[in-house]
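Chemist: Data file entry.cif (mmCIF, C-alpha atoms) is appended below.
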data_data
#
loop_
_atom_site.label_atom_id
_atom_site.label_comp_id
_atom_site.auth_asym_id
_atom_site.auth_seq_id
_atom_site.Cartn_x
_atom_site.Cartn_y
_atom_site.Cartn_z
CA GLN A 12 55.24 -5.32 10.16
CA LYS A 13 58.36 -4.29 8.25
CA GLU A 14 59.06 -6.12 5.01
CA VAL A 15 62.55 -7.02 6.24
CA GLU A 16 63.33 -7.50 9.92
CA GLN A 17 66.86 -7.48 11.25
CA ASP A 18 67.93 -7.40 14.87
CA PRO A 19 69.87 -4.13 15.26
CA GLY A 20 72.02 -5.47 18.07
CA PRO A 21 74.51 -4.30 19.11
CA LEU A 22 76.26 -7.63 19.18
CA SER A 23 79.59 -8.01 20.97
CA VAL A 24 81.66 -11.20 20.77
CA PRO A 25 85.22 -12.22 21.65
CA GLU A 26 87.76 -12.78 18.93
CA GLY A 27 87.50 -16.27 17.46
CA ALA A 28 83.79 -16.65 18.15
CA ILE A 29 81.26 -17.82 15.60
CA VAL A 30 78.83 -15.05 14.74
CA SER A 31 75.32 -15.57 13.45
CA LEU A 32 73.43 -12.67 11.88
CA ASN A 33 69.86 -13.09 10.73
CA CYS A 34 67.05 -11.49 8.79
CA THR A 35 63.44 -12.44 8.24
CA TYR A 36 61.25 -11.16 5.46
CA SER A 37 57.62 -11.28 4.45
CA ASN A 38 57.65 -11.01 0.65
CA SER A 39 57.96 -14.48 -0.84
CA ALA A 40 58.80 -12.95 -4.24
CA PHE A 41 62.34 -12.09 -3.16
CA GLN A 42 64.81 -14.22 -5.09
CA TYR A 43 68.19 -12.54 -4.65
CA PHE A 44 69.76 -12.18 -1.23
CA MET A 45 72.74 -10.11 -0.23
CA TRP A 46 74.77 -9.17 2.78
CA TYR A 47 76.54 -5.84 2.92
CA ARG A 48 79.20 -4.81 5.40
CA GLN A 49 79.52 -1.19 6.44
CA TYR A 50 82.49 0.11 8.34
CA SER A 51 82.22 3.31 10.34
CA ARG A 52 82.21 6.41 8.13
CA LYS A 53 82.03 4.30 4.98
CA GLY A 54 79.33 3.17 2.58
CA PRO A 55 78.05 -0.41 2.56
CA GLU A 56 80.08 -2.89 0.51
CA LEU A 57 78.81 -6.15 -0.90
CA LEU A 58 79.97 -9.13 1.13
CA MET A 59 77.87 -12.06 -0.06
CA TYR A 60 75.36 -12.63 -2.85
CA THR A 61 73.10 -15.65 -3.24
CA TYR A 62 70.25 -16.63 -5.47
CA SER A 63 67.28 -18.57 -4.13
CA SER A 64 67.65 -21.10 -1.30
CA GLY A 65 70.83 -22.80 -0.18
CA ASN A 66 74.24 -22.06 1.25
CA LYS A 67 77.19 -20.15 -0.11
CA GLU A 68 80.61 -20.10 1.46
CA ASP A 69 83.42 -17.60 0.98
CA GLY A 70 86.35 -18.00 3.32
CA ARG A 71 85.17 -17.45 6.87
CA PHE A 72 81.73 -16.30 5.70
CA THR A 73 78.72 -18.48 4.95
CA ALA A 74 75.41 -17.14 3.70
CA GLN A 75 72.34 -19.30 4.16
CA VAL A 76 68.91 -18.80 2.63
CA ASP A 77 65.77 -20.66 3.66
CA LYS A 78 62.98 -19.41 1.41
CA SER A 79 60.41 -21.72 2.94
CA SER A 80 60.90 -19.99 6.30
CA LYS A 81 61.66 -16.59 4.76
CA TYR A 82 64.85 -16.49 6.78
CA ILE A 83 68.43 -15.68 5.81
CA SER A 84 71.61 -15.90 7.84
CA LEU A 85 75.22 -14.88 7.68
CA PHE A 86 77.74 -16.89 9.68
CA ILE A 87 81.22 -15.61 10.43
CA ARG A 88 83.71 -18.20 11.65
CA ASP A 89 86.82 -17.34 13.64
CA SER A 90 85.67 -13.74 13.94
CA GLN A 91 88.35 -11.05 13.91
CA PRO A 92 88.42 -7.48 15.26
CA SER A 93 88.49 -6.37 11.62
CA ASP A 94 85.01 -7.87 11.25
CA SER A 95 83.66 -5.15 13.54
CA ALA A 96 81.14 -3.33 11.38
CA THR A 97 77.44 -3.02 10.69
CA TYR A 98 76.02 -5.84 8.59
CA LEU A 99 72.97 -5.19 6.44
CA CYS A 100 70.90 -7.83 4.75
CA ALA A 101 69.27 -7.01 1.44
CA MET A 102 66.94 -8.83 -0.89
CA SER A 103 65.39 -8.17 -4.26
CA ASN A 104 62.95 -9.44 -6.83
CA ASN A 105 62.27 -8.20 -10.36
CA ASN A 106 60.70 -5.00 -9.11
CA ASP A 107 62.27 -3.90 -5.89
CA MET A 108 65.09 -4.15 -3.39
CA ARG A 109 64.79 -3.93 0.40
CA PHE A 110 67.34 -3.58 3.15
CA GLY A 111 67.34 -4.60 6.77
CA ALA A 112 68.14 -1.98 9.39
CA GLY A 113 71.60 -3.46 9.99
CA THR A 114 73.23 -5.25 12.93
CA ARG A 115 76.20 -3.59 14.60
CA LEU A 116 78.88 -6.16 15.43
CA THR A 117 81.91 -5.64 17.64
CA VAL A 118 84.59 -8.31 17.87
CA LYS A 119 86.78 -7.78 20.92
CA PRO A 120 90.45 -8.85 20.90
CA LYS B 3 88.05 1.08 -12.02
CA ALA B 4 86.87 4.09 -10.04
CA GLY B 5 84.11 3.52 -7.51
CA VAL B 6 81.08 5.62 -6.74
CA THR B 7 82.13 9.14 -5.77
CA GLN B 8 80.00 11.35 -3.55
CA THR B 9 80.63 14.98 -2.76
CA PRO B 10 80.78 16.66 -0.37
CA ARG B 11 81.63 14.09 2.28
CA TYR B 12 80.60 16.27 5.20
CA LEU B 13 78.51 19.37 5.45
CA ILE B 14 76.77 21.42 8.10
CA LYS B 15 73.69 23.49 7.36
CA THR B 16 71.12 25.37 9.39
CA ARG B 17 67.37 24.88 9.40
CA GLY B 18 65.64 26.41 6.42
CA GLN B 19 68.65 26.22 4.14
CA GLN B 20 68.90 23.95 1.15
CA VAL B 21 71.60 21.48 0.14
CA THR B 22 72.73 19.77 -3.06
CA LEU B 23 74.63 16.51 -3.00
CA SER B 24 76.44 15.00 -5.95
CA CYS B 25 77.09 11.43 -7.05
CA SER B 26 79.28 10.10 -9.85
CA PRO B 27 78.47 6.45 -10.56
CA ILE B 28 80.79 3.74 -11.76
CA SER B 29 81.56 4.16 -15.43
CA GLY B 30 78.97 2.31 -17.50
CA HIS B 31 76.38 2.19 -14.72
CA ARG B 32 73.16 3.86 -15.79
CA SER B 33 71.15 3.51 -12.59
CA VAL B 34 71.70 5.72 -9.57
CA SER B 35 69.76 5.25 -6.34
CA TRP B 36 69.75 7.49 -3.30
CA TYR B 37 69.25 6.39 0.30
CA GLN B 38 69.00 8.14 3.62
CA GLN B 39 70.61 6.31 6.52
CA THR B 40 69.92 7.14 10.16
CA PRO B 41 70.60 5.09 13.30
CA GLY B 42 66.92 4.69 14.07
CA GLN B 43 65.51 4.02 10.60
CA GLY B 44 68.31 2.25 8.77
CA LEU B 45 68.48 2.62 4.99
CA GLN B 46 65.50 4.47 3.59
CA PHE B 47 65.07 4.57 -0.19
CA LEU B 48 64.72 8.08 -1.61
CA PHE B 49 64.62 7.66 -5.39
CA GLU B 50 66.19 5.95 -8.35
CA TYR B 51 67.21 7.42 -11.69
CA PHE B 52 67.88 5.58 -14.89
CA SER B 53 68.83 7.26 -18.15
CA GLU B 54 67.93 10.71 -16.75
CA THR B 55 64.43 9.59 -15.70
CA GLN B 56 63.16 9.04 -12.19
CA ARG B 57 62.07 5.43 -12.15
CA ASN B 58 61.09 4.93 -8.53
CA LYS B 59 60.48 7.15 -5.55
CA GLY B 60 60.36 6.39 -1.86
CA ASN B 61 58.09 7.85 0.75
CA PHE B 62 59.76 11.21 1.32
CA PRO B 63 58.27 14.71 1.15
CA GLY B 64 58.61 16.87 -1.94
CA ARG B 65 61.46 18.78 -0.30
CA PHE B 66 63.64 15.93 -1.46
CA SER B 67 64.32 15.94 -5.17
CA GLY B 68 66.91 14.69 -7.58
CA ARG B 69 68.01 14.55 -11.14
CA GLN B 70 70.36 12.66 -13.39
CA PHE B 71 72.45 14.02 -16.19
CA SER B 72 73.27 12.51 -19.56
CA ASN B 73 76.62 11.25 -18.23
CA SER B 74 74.71 9.37 -15.46
CA ARG B 75 75.98 11.68 -12.74
CA SER B 76 73.23 12.48 -10.29
CA GLU B 77 72.39 15.18 -7.79
CA MET B 78 69.90 15.27 -4.99
CA ASN B 79 68.55 18.41 -3.39
CA VAL B 80 66.89 18.97 -0.05
CA SER B 81 65.13 22.27 0.42
CA THR B 82 63.96 23.94 3.62
CA LEU B 83 66.14 21.74 5.79
CA GLU B 84 64.79 20.38 9.05
CA LEU B 85 66.69 18.99 12.03
CA GLY B 86 65.41 15.52 11.16
CA ASP B 87 67.17 15.64 7.81
CA SER B 88 70.49 15.08 9.57
CA ALA B 89 71.68 11.78 8.18
CA LEU B 90 74.14 9.97 5.99
CA TYR B 91 73.01 10.21 2.36
CA LEU B 92 74.20 7.31 0.28
CA CYS B 93 74.31 7.01 -3.46
CA ALA B 94 74.47 3.60 -5.12
CA SER B 95 74.98 2.75 -8.76
CA SER B 96 74.24 -0.36 -10.76
CA LEU B 97 74.15 -1.39 -14.37
CA THR B 98 70.41 -1.35 -14.88
CA GLY B 99 68.59 -0.87 -11.60
CA ARG B 100 67.96 -1.77 -7.98
CA SER B 101 66.05 -4.98 -8.64
CA GLY B 102 66.53 -8.46 -9.95
CA ALA B 103 70.06 -9.76 -10.09
CA ASN B 104 71.59 -6.27 -9.96
CA VAL B 105 74.14 -5.50 -7.32
CA LEU B 106 74.34 -2.01 -5.86
CA THR B 107 77.73 -0.39 -5.36
CA PHE B 108 77.61 2.35 -2.76
CA GLY B 109 79.59 5.50 -2.37
CA ALA B 110 81.05 6.58 0.97
CA GLY B 111 78.13 8.90 1.58
CA SER B 112 77.57 12.55 2.36
CA ARG B 113 77.04 13.21 6.05
CA LEU B 114 74.66 16.11 6.53
CA THR B 115 74.23 17.81 9.87
CA VAL B 116 71.41 20.31 10.25
CA LEU B 117 71.69 22.73 13.16
#
Can I see the file as structure tokens?
Modeler:
Amino acid sequence: QKEVEQDPGPLSVPEGAIVSLNCTYSNSAFQYFMWYRQYSRKGPELLMYTYSSGNKEDGRFTAQVDKSSKYISLFIRDSQPSDSATYLCAMSNNNDMRFGAGTRLTVKP
Amino acid sequence: KAGVTQTPRYLIKTRGQQVTLSCSPISGHRSVSWYQQTPGQGLQFLFEYFSETQRNKGNFPGRFSGRQFSNSRSEMNVSTLELGDSALYLCASSLTGRSGANVLTFGAGSRLTVL
């Protein structure tokens, strides 16, 4: 079993849809949770950063962490074609950082 | 503030050759991590350098090596290239490391094609 599991997709949605991206993990020591967005031919860029359990909202993006279930989510509201990218979850503790494999998202106009 | 700069952006090599990739981190960042990204495997950690010392190493063969200079710039080298080494190689810098509350800032990557 991988330490971080992320559905690779691809995921295709119409413009305006609500998108839900998810990751599960096995190491309960992870405390910091991140979502990176990677456009084609670019490096990943930090999108959301949360510490421990709870929700964090930034515009159309909401990151949710449920440490009891070892499950994190990223919600995108009113999705736009410009949101088309690969989304990678990442998590860290005091010793290590792990990434999910990434979910490729396409938002169709 | 300049971001993480990787050179070259694209390169083509043949099997058996070697390649050196360069990474200039964000000014003030002392940690540089290298990752290999492929469609099937996602982001695979290669190694991390901090203050010119390798601090962590992923599960890659000895053909993959790296170093960091006193100005925090880093290079990675792959010797005796194999077809399976074709990938996007990403460099990421952070203030003190790839753990805890640190955030990694990635470069655009060096895309290596091995023929």
Chemist: Pick out the residues sitting within 10 Å of Gln49 (chain A), and hand them over as a list in words; count only C-alpha atoms, and ignore anything fewer than 5 positions along from it in its own chain.
Modeler: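 Here the qualifying residues turn out to be Gly54, Pro55, Glu56, Leu57, Leu58, Asp94, Ser95, Ala96, Thr97, Tyr98, Leu99, Gly113, Thr114 and Arg115 of chain A; Ala110 of chain B.
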Chemist: Between A:Asp107, A:Asp89, A:Glu68, A:Asp77, which residue has the minimum interatomic distance to chain B, considering only C-alpha atoms?
Modeler: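 Looking at the shortest contact to chain B, the residue is A:Asp107.
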Chemist: Counting all atoms listed in the file, which residue out of A:Lys13, A:Lys53, A:Arg48, A:Arg109 sits closest to chain B?
Modeler: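 Looking only at the distances to chain B, the closest residue turns out to be A:Lys53.
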Chemist: So that I can check the surroundings of Met45 (chain A), please list as number ranges by chain every protein, DNA and RNA residue that reaches within 7 Å of it, counting only C-alpha atoms and ignoring chain neighbours fewer than 4 positions away.
Modeler: A: 59-61, 100-102
Chemist: Using all atoms listed in the file, which of the listed residues (A:Ser51, A:Ser23, A:Asn106, A:Ser31) sits closest to Ser84 (chain A)?
Modeler: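 So, comparing all the options, the nearest one is A:Ser31.
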Chemist: On this structure, the PyMOL selection byres ((chain B and resi 74) around 8) would catch which residues? List them as a list in words, sorted by chain and number.
Modeler: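 Matching residues under the PyMOL selection byres ((chain B and resi 74) around 8) are Ser26, Pro27, His31, Arg32, Ser33, Val34, Phe52, Ser53, Glu54, Gln70, Phe71, Ser72, Asn73, Arg75 and Ser76 of chain B.
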Chemist: Using all atoms listed in the file, which of the listed residues (A:Ile29, A:Gly20, A:Ser79, A:Thr35) sits closest to chain B?
Modeler: A:Gly20
Chemist: If the PyMOL selection byres ((chain B) within 10 of (chain A)) is run on the structure shown, which residues does it catch, given as a PyMOL selection string?
Modeler: chain B and resi 6+11+39-47+58+90-94+99-113
Chemist: Excluding Gln75 (chain A) and its own-chain neighbours fewer than 5 positions away, which residues fall within 7 Å of it when counting only C-alpha atoms? Please give them as a ChimeraX atom specification.
Modeler: /A:65-67,83-85
Chemist: Please write the residues picked by the PyMOL selection byres ((chain B and resi 82) around 9) on this file as a ChimeraX atom specification.
Modeler: /B:17-21,65,80-81,83-84
Chemist: Once you have the residues from the selection above, write them out as a short mmCIF file (atom, residue, chain, number, x, y, z; two decimals), in the coordinates of the input, restricted to C-alpha atoms.
Modeler:
data_model
loop_
_atom_site.label_atom_id
_atom_site.label_comp_id
_atom_site.auth_asym_id
_atom_site.auth_seq_id
_atom_site.Cartn_x
_atom_site.Cartn_y
_atom_site.Cartn_z
CA ARG B 17 67.37 24.88 9.40
CA GLY B 18 65.64 26.41 6.42
CA GLN B 19 68.65 26.22 4.14
CA GLN B 20 68.90 23.95 1.15
CA VAL B 21 71.60 21.48 0.14
CA ARG B 65 61.46 18.78 -0.30
CA VAL B 80 66.89 18.97 -0.05
CA SER B 81 65.13 22.27 0.42
CA LEU B 83 66.14 21.74 5.79
CA GLU B 84 64.79 20.38 9.05
#
Chemist: Would you kindly place all heavy atoms on region 52-63 of chain A and return the model as a short mmCIF file (atom, residue, chain, number, x, y, z; two decimals), in the frame of the given file?
Modeler:
data_model
loop_
_atom_site.label_atom_id
_atom_site.label_comp_id
_atom_site.auth_asym_id
_atom_site.auth_seq_id
_atom_site.Cartn_x
_atom_site.Cartn_y
_atom_site.Cartn_z
N ARG A 52 81.88 5.30 9.04
CA ARG A 52 82.21 6.41 8.13
C ARG A 52 82.45 5.96 6.69
O ARG A 52 83.12 6.64 5.92
CB ARG A 52 83.42 7.20 8.64
CG ARG A 52 83.23 7.77 10.01
CD ARG A 52 84.38 8.68 10.43
NE ARG A 52 84.23 9.14 11.80
CZ ARG A 52 83.45 10.14 12.17
NH1 ARG A 52 82.75 10.79 11.27
NH2 ARG A 52 83.37 10.49 13.42
N LYS A 53 81.90 4.79 6.35
CA LYS A 53 82.03 4.30 4.98
C LYS A 53 80.65 3.91 4.46
O LYS A 53 79.70 3.78 5.22
CB LYS A 53 82.94 3.07 4.93
CG LYS A 53 84.32 3.29 5.47
CD LYS A 53 85.24 3.86 4.43
CE LYS A 53 86.67 3.90 4.95
NZ LYS A 53 87.62 4.28 3.90
N GLY A 54 80.57 3.70 3.14
CA GLY A 54 79.33 3.17 2.58
C GLY A 54 79.31 1.66 2.66
O GLY A 54 80.34 1.02 2.85
N PRO A 55 78.14 1.05 2.54
CA PRO A 55 78.05 -0.41 2.56
C PRO A 55 78.79 -1.01 1.36
O PRO A 55 78.77 -0.45 0.27
CB PRO A 55 76.55 -0.67 2.44
CG PRO A 55 75.89 0.60 2.86
CD PRO A 55 76.82 1.70 2.44
N GLU A 56 79.42 -2.17 1.59
CA GLU A 56 80.08 -2.89 0.51
C GLU A 56 79.53 -4.30 0.47
O GLU A 56 79.25 -4.91 1.50
CB GLU A 56 81.60 -2.92 0.72
CG GLU A 56 82.04 -3.56 2.01
CD GLU A 56 83.55 -3.64 2.17
OE1 GLU A 56 84.26 -3.50 1.16
OE2 GLU A 56 84.00 -3.88 3.30
N LEU A 57 79.37 -4.82 -0.74
CA LEU A 57 78.81 -6.15 -0.90
C LEU A 57 79.75 -7.20 -0.34
O LEU A 57 80.93 -7.24 -0.67
CB LEU A 57 78.53 -6.43 -2.37
CG LEU A 57 77.87 -7.78 -2.65
CD1 LEU A 57 76.44 -7.79 -2.13
CD2 LEU A 57 77.90 -8.08 -4.15
N LEU A 58 79.18 -8.06 0.51
CA LEU A 58 79.97 -9.13 1.13
C LEU A 58 79.62 -10.50 0.53
O LEU A 58 80.48 -11.27 0.19
CB LEU A 58 79.72 -9.11 2.64
CG LEU A 58 80.53 -10.03 3.52
CD1 LEU A 58 82.01 -9.70 3.43
CD2 LEU A 58 80.05 -9.92 4.97
N MET A 59 78.32 -10.77 0.44
CA MET A 59 77.87 -12.06 -0.06
C MET A 59 76.64 -11.85 -0.93
O MET A 59 75.82 -10.97 -0.65
CB MET A 59 77.50 -13.01 1.09
CG MET A 59 78.66 -13.37 2.00
SD MET A 59 79.83 -14.50 1.22
CE MET A 59 78.96 -16.06 1.43
N TYR A 60 76.49 -12.72 -1.93
CA TYR A 60 75.36 -12.63 -2.85
C TYR A 60 74.90 -14.04 -3.18
O TYR A 60 75.69 -14.87 -3.58
CB TYR A 60 75.80 -11.91 -4.12
CG TYR A 60 74.76 -11.79 -5.21
CD1 TYR A 60 73.94 -10.68 -5.28
CD2 TYR A 60 74.61 -12.80 -6.17
CE1 TYR A 60 73.00 -10.55 -6.29
CE2 TYR A 60 73.67 -12.68 -7.16
CZ TYR A 60 72.86 -11.56 -7.23
OH TYR A 60 71.92 -11.44 -8.22
N THR A 61 73.62 -14.32 -2.95
CA THR A 61 73.10 -15.65 -3.24
C THR A 61 71.78 -15.54 -3.99
O THR A 61 71.06 -14.55 -3.84
CB THR A 61 72.87 -16.46 -1.95
OG1 THR A 61 72.03 -15.71 -1.07
CG2 THR A 61 74.17 -16.76 -1.25
N TYR A 62 71.51 -16.57 -4.74
CA TYR A 62 70.25 -16.63 -5.47
C TYR A 62 69.45 -17.82 -4.97
O TYR A 62 69.97 -18.93 -4.87
CB TYR A 62 70.51 -16.77 -6.98
CG TYR A 62 69.27 -17.07 -7.77
CD1 TYR A 62 68.28 -16.10 -7.93
CD2 TYR A 62 69.06 -18.33 -8.36
CE1 TYR A 62 67.12 -16.37 -8.65
CE2 TYR A 62 67.92 -18.59 -9.08
CZ TYR A 62 66.95 -17.61 -9.22
OH TYR A 62 65.81 -17.88 -9.93
N SER A 63 68.20 -17.56 -4.59
CA SER A 63 67.28 -18.57 -4.13
C SER A 63 67.79 -19.26 -2.86
O SER A 63 68.62 -18.73 -2.14
CB SER A 63 67.02 -19.59 -5.24
OG SER A 63 65.87 -20.34 -4.94
#
